[in-house]
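What follows is a single structure, written as C-alpha coordinates, with notes after it.
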Amino acid sequence: MERQIYSNTDISLPGMMSKEAITLKETPRYEERIVGISLYYSALQSNIKVARLIRCPLIRSVTADDVVILNDDVKQYRIKQVQYPKDVASAVKWI
(Lines give C-alpha, C1' and ligand atoms only; values in the text may rest on other atoms or scores of the structure.)
Protein backbone atom coordinates (compact mmCIF):
# COMPACT_ATOMS: atom_id res chain seq x y z
CA MET A 1 0.00 0.00 0.00
CA GLU A 2 1.16 3.54 -0.61
CA ARG A 3 0.57 6.69 1.32
CA GLN A 4 1.48 10.31 0.95
CA ILE A 5 3.58 12.16 3.52
CA TYR A 6 3.39 15.94 3.61
CA SER A 7 5.36 18.55 5.50
CA ASN A 8 3.65 21.45 7.26
CA THR A 9 4.71 24.88 6.07
CA ASP A 10 3.67 28.31 7.27
CA ILE A 11 2.42 30.30 4.26
CA SER A 12 1.40 33.43 6.15
CA LEU A 13 2.93 36.81 5.43
CA PRO A 14 5.29 38.24 8.07
CA GLY A 15 3.32 39.78 10.93
CA MET A 16 0.07 38.06 9.93
CA MET A 17 -1.75 35.21 11.69
CA SER A 18 -0.14 31.83 11.09
CA LYS A 19 -1.62 29.81 8.23
CA GLU A 20 -0.43 26.27 7.50
CA ALA A 21 -0.35 24.43 4.20
CA ILE A 22 0.92 20.95 3.39
CA THR A 23 3.54 20.16 0.75
CA LEU A 24 4.08 16.65 -0.66
CA LYS A 25 7.28 15.11 0.67
CA GLU A 26 7.26 11.34 0.05
CA THR A 27 5.00 8.51 -1.17
CA PRO A 28 6.49 5.36 0.38
CA ARG A 29 4.93 1.94 0.77
CA TYR A 30 3.89 0.98 4.29
CA GLU A 31 2.61 -1.86 6.46
CA GLU A 32 -0.03 -1.26 9.09
CA ARG A 33 0.81 -2.66 12.53
CA ILE A 34 -1.29 -3.35 15.62
CA VAL A 35 -1.38 -0.65 18.29
CA GLY A 36 -0.84 -2.66 21.48
CA ILE A 37 -2.59 -1.93 24.76
CA SER A 38 0.59 -0.81 26.54
CA LEU A 39 1.55 1.57 23.70
CA TYR A 40 -1.98 2.97 23.53
CA TYR A 41 -2.22 3.71 27.27
CA SER A 42 1.39 4.94 27.55
CA ALA A 43 0.66 7.49 24.84
CA LEU A 44 -2.57 8.55 26.56
CA GLN A 45 -0.55 9.42 29.67
CA SER A 46 1.19 12.05 27.50
CA ASN A 47 -2.14 13.25 26.06
CA ILE A 48 -1.45 11.60 22.70
CA LYS A 49 -3.99 9.33 21.04
CA VAL A 50 -2.30 6.76 18.80
CA ALA A 51 -4.83 6.07 16.06
CA ARG A 52 -2.63 3.93 13.82
CA LEU A 53 0.85 2.43 13.79
CA ILE A 54 2.63 1.97 10.48
CA ARG A 55 6.03 0.70 9.36
CA CYS A 56 7.66 1.93 6.17
CA PRO A 57 11.11 2.01 4.55
CA LEU A 58 13.63 4.20 6.34
CA ILE A 59 13.31 7.78 5.08
CA ARG A 60 15.31 10.27 7.17
CA SER A 61 13.44 13.28 5.76
CA VAL A 62 10.19 12.22 7.47
CA THR A 63 9.83 13.79 10.91
CA ALA A 64 7.34 14.10 13.73
CA ASP A 65 4.60 16.65 12.99
CA ASP A 66 4.59 15.79 9.28
CA VAL A 67 1.16 14.81 7.97
CA VAL A 68 0.25 11.49 6.37
CA ILE A 69 -2.76 10.50 4.28
CA LEU A 70 -3.15 6.74 3.91
CA ASN A 71 -4.45 5.38 0.61
CA ASP A 72 -7.51 3.76 2.18
CA ASP A 73 -8.55 6.92 4.01
CA VAL A 74 -9.10 10.58 3.26
CA LYS A 75 -8.34 11.63 6.83
CA GLN A 76 -5.08 13.43 7.62
CA TYR A 77 -2.98 12.10 10.49
CA ARG A 78 -0.16 14.00 12.19
CA ILE A 79 2.95 11.86 12.75
CA LYS A 80 3.69 11.91 16.49
CA GLN A 81 6.88 9.87 16.60
CA VAL A 82 9.44 8.38 14.24
CA GLN A 83 11.65 5.50 15.41
CA TYR A 84 14.74 4.13 13.71
CA PRO A 85 15.36 0.63 15.12
CA LYS A 86 19.01 -0.50 15.06
CA ASP A 87 20.05 -2.75 12.17
CA VAL A 88 16.63 -2.49 10.54
CA ALA A 89 15.97 -0.91 7.15
CA SER A 90 12.56 0.39 8.12
CA ALA A 91 11.19 3.03 10.46
CA VAL A 92 8.15 2.95 12.72
CA LYS A 93 5.82 5.92 12.83
CA TRP A 94 3.02 6.56 15.29
CA ILE A 95 0.14 8.52 13.88
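Residues are named by chain letter and number: chains run A, B, ... in the order of the C-alpha coordinates, numbers start at 1 in each chain, and ligands are numbered from 1 in the order shown.
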
field: All helix (DSSP H, G or I) positions in range 4-78 of chain A, as a list in words
entry: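 DSSP on the backbone gives helix (DSSP H, G or I) at Ile37, Ser38, Leu39, Tyr40, Tyr41, Ser42, Ala43, Leu44 and Gln45 of chain A.
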
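Excluding Ile22 in chain A itself and same-chain residues fewer than 4 positions from it, the residues having an atom within 6 Å of it are Tyr6, Ser7 and Asn8 of chain A, counting only C-alpha atoms.
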
- prompt: Which of chain A counts as strand (DSSP E or B) under DSSP, as a PyMOL selection string please?
  reply: chain A and resi 2-10+20-26+29+31-33+53-57+67-70+76-78+81-83+90-94

Store the residues of this selection in a file with N, CA and C atoms, as a short mmCIF file (atom, residue, chain, number, x, y, z; two decimals), in the first residue's frame.
data_model
loop_
_atom_site.label_atom_id
_atom_site.label_comp_id
_atom_site.auth_asym_id
_atom_site.auth_seq_id
_atom_site.Cartn_x
_atom_site.Cartn_y
_atom_site.Cartn_z
N GLU A 2 0.42 2.28 -0.61
CA GLU A 2 1.16 3.54 -0.61
C GLU A 2 0.41 4.59 0.19
N ARG A 3 1.15 5.57 0.61
CA ARG A 3 0.57 6.69 1.32
C ARG A 3 1.34 7.92 0.93
N GLN A 4 0.81 9.05 1.27
CA GLN A 4 1.48 10.31 0.95
C GLN A 4 1.84 11.01 2.25
N ILE A 5 3.11 11.44 2.35
CA ILE A 5 3.58 12.16 3.52
C ILE A 5 3.81 13.60 3.11
N TYR A 6 3.29 14.51 3.89
CA TYR A 6 3.39 15.94 3.61
C TYR A 6 4.10 16.64 4.76
N SER A 7 4.78 17.72 4.45
CA SER A 7 5.36 18.55 5.50
C SER A 7 4.46 19.76 5.70
N ASN A 8 4.41 20.24 6.94
CA ASN A 8 3.65 21.45 7.26
C ASN A 8 4.52 22.66 6.98
N THR A 9 3.97 23.64 6.30
CA THR A 9 4.71 24.88 6.07
C THR A 9 3.80 26.06 6.42
N ASP A 10 4.40 27.09 6.93
CA ASP A 10 3.67 28.31 7.27
C ASP A 10 3.68 29.21 6.04
N GLU A 20 -1.21 27.42 7.93
CA GLU A 20 -0.43 26.27 7.50
C GLU A 20 -0.95 25.70 6.19
N ALA A 21 -0.02 25.16 5.42
CA ALA A 21 -0.35 24.43 4.20
C ALA A 21 0.53 23.18 4.19
N ILE A 22 0.10 22.16 3.46
CA ILE A 22 0.92 20.95 3.39
C ILE A 22 1.54 20.83 2.01
N THR A 23 2.78 20.33 1.98
CA THR A 23 3.54 20.16 0.75
C THR A 23 3.97 18.70 0.66
N LEU A 24 3.73 18.06 -0.49
CA LEU A 24 4.08 16.65 -0.66
C LEU A 24 5.58 16.43 -0.46
N LYS A 25 5.89 15.42 0.34
CA LYS A 25 7.28 15.11 0.67
C LYS A 25 7.70 13.75 0.12
N GLU A 26 6.92 12.71 0.42
CA GLU A 26 7.26 11.34 0.05
C GLU A 26 5.98 10.54 -0.22
N ARG A 29 5.81 3.05 0.43
CA ARG A 29 4.93 1.94 0.77
C ARG A 29 4.96 1.78 2.28
N GLU A 31 3.33 -0.72 5.90
CA GLU A 31 2.61 -1.86 6.46
C GLU A 31 1.95 -1.38 7.74
N GLU A 32 0.68 -1.66 7.87
CA GLU A 32 -0.03 -1.26 9.09
C GLU A 32 0.23 -2.29 10.18
N ARG A 33 0.50 -1.81 11.39
CA ARG A 33 0.81 -2.66 12.53
C ARG A 33 -0.30 -2.52 13.58
N LEU A 53 -0.59 2.66 13.72
CA LEU A 53 0.85 2.43 13.79
C LEU A 53 1.25 1.83 12.45
N ILE A 54 2.21 2.46 11.79
CA ILE A 54 2.63 1.97 10.48
C ILE A 54 4.15 1.80 10.46
N ARG A 55 4.60 0.91 9.58
CA ARG A 55 6.03 0.70 9.36
C ARG A 55 6.28 0.92 7.87
N CYS A 56 7.34 1.66 7.56
CA CYS A 56 7.66 1.93 6.17
C CYS A 56 9.18 1.92 6.01
N PRO A 57 9.67 1.96 4.77
CA PRO A 57 11.11 2.01 4.55
C PRO A 57 11.71 3.24 5.24
N VAL A 67 2.54 15.29 8.12
CA VAL A 67 1.16 14.81 7.97
C VAL A 67 1.16 13.66 6.99
N VAL A 68 0.36 12.64 7.27
CA VAL A 68 0.25 11.49 6.37
C VAL A 68 -1.21 11.26 6.01
N ILE A 69 -1.43 10.90 4.75
CA ILE A 69 -2.76 10.50 4.28
C ILE A 69 -2.60 9.09 3.71
N LEU A 70 -3.25 8.13 4.35
CA LEU A 70 -3.15 6.74 3.91
C LEU A 70 -4.05 6.52 2.71
N GLN A 76 -6.48 13.08 7.41
CA GLN A 76 -5.08 13.43 7.62
C GLN A 76 -4.68 13.06 9.04
N TYR A 77 -3.52 12.44 9.18
CA TYR A 77 -2.98 12.10 10.49
C TYR A 77 -1.66 12.83 10.67
N ARG A 78 -1.43 13.36 11.87
CA ARG A 78 -0.16 14.00 12.19
C ARG A 78 0.76 12.93 12.78
N GLN A 81 5.54 10.35 16.28
CA GLN A 81 6.88 9.87 16.60
C GLN A 81 7.43 9.06 15.45
N VAL A 82 8.74 9.17 15.24
CA VAL A 82 9.44 8.38 14.24
C VAL A 82 10.53 7.62 14.98
N GLN A 83 10.61 6.31 14.78
CA GLN A 83 11.65 5.50 15.41
C GLN A 83 12.50 4.86 14.34
N SER A 90 13.87 -0.25 8.15
CA SER A 90 12.56 0.39 8.12
C SER A 90 12.40 1.24 9.36
N ALA A 91 11.45 2.14 9.32
CA ALA A 91 11.19 3.03 10.46
C ALA A 91 9.74 2.83 10.90
N VAL A 92 9.49 3.07 12.18
CA VAL A 92 8.15 2.95 12.72
C VAL A 92 7.63 4.35 13.02
N LYS A 93 6.40 4.62 12.62
CA LYS A 93 5.82 5.92 12.83
C LYS A 93 4.50 5.79 13.53
N TRP A 94 4.30 6.53 14.60
CA TRP A 94 3.02 6.56 15.29
C TRP A 94 2.23 7.70 14.73
#

message: Env of Ile48 in chain A: 12 Å cut, atoms = only C-alpha atoms, seq-sep filter 6 positions within chain, self excluded. Answer as a ChimeraX atom specification.
response: /A:39-42,78-81,94-95

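For the set A:Gly36, A:Lys19, A:Leu13, A:Pro28, the residue with the smallest atom-to-atom gap to Ala51 in chain A is A:Gly36, counting only C-alpha atoms.
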
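For the pair CA of Arg60 in chain A and CA of Tyr84 in chain A, the interatomic distance is 9.0 Å.
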
message: Please compute the CA of Leu58 in chain A-CA of Thr27 in chain A distance, one decimal, in Å.
response: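 Computing it gives 12.2 Å between the two atoms.
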
query: Suppose you want the space between CA of Ser18 in chain A and CA of Ser46 in chain A; what is it in Å?
result: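 Straight-line distance from CA of Ser18 in chain A to CA of Ser46 in chain A works out to 25.7 Å.
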
task: Go through A:Arg52, A:Ile59, A:Tyr30, A:Gly15 one by one, measure the shortest atom-to-atom distance of each to Lys75 in chain A using only C-alpha atoms, and give the residue with the smallest value.
output: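 Using only C-alpha atoms, Lys75 in chain A sits closest to A:Arg52.
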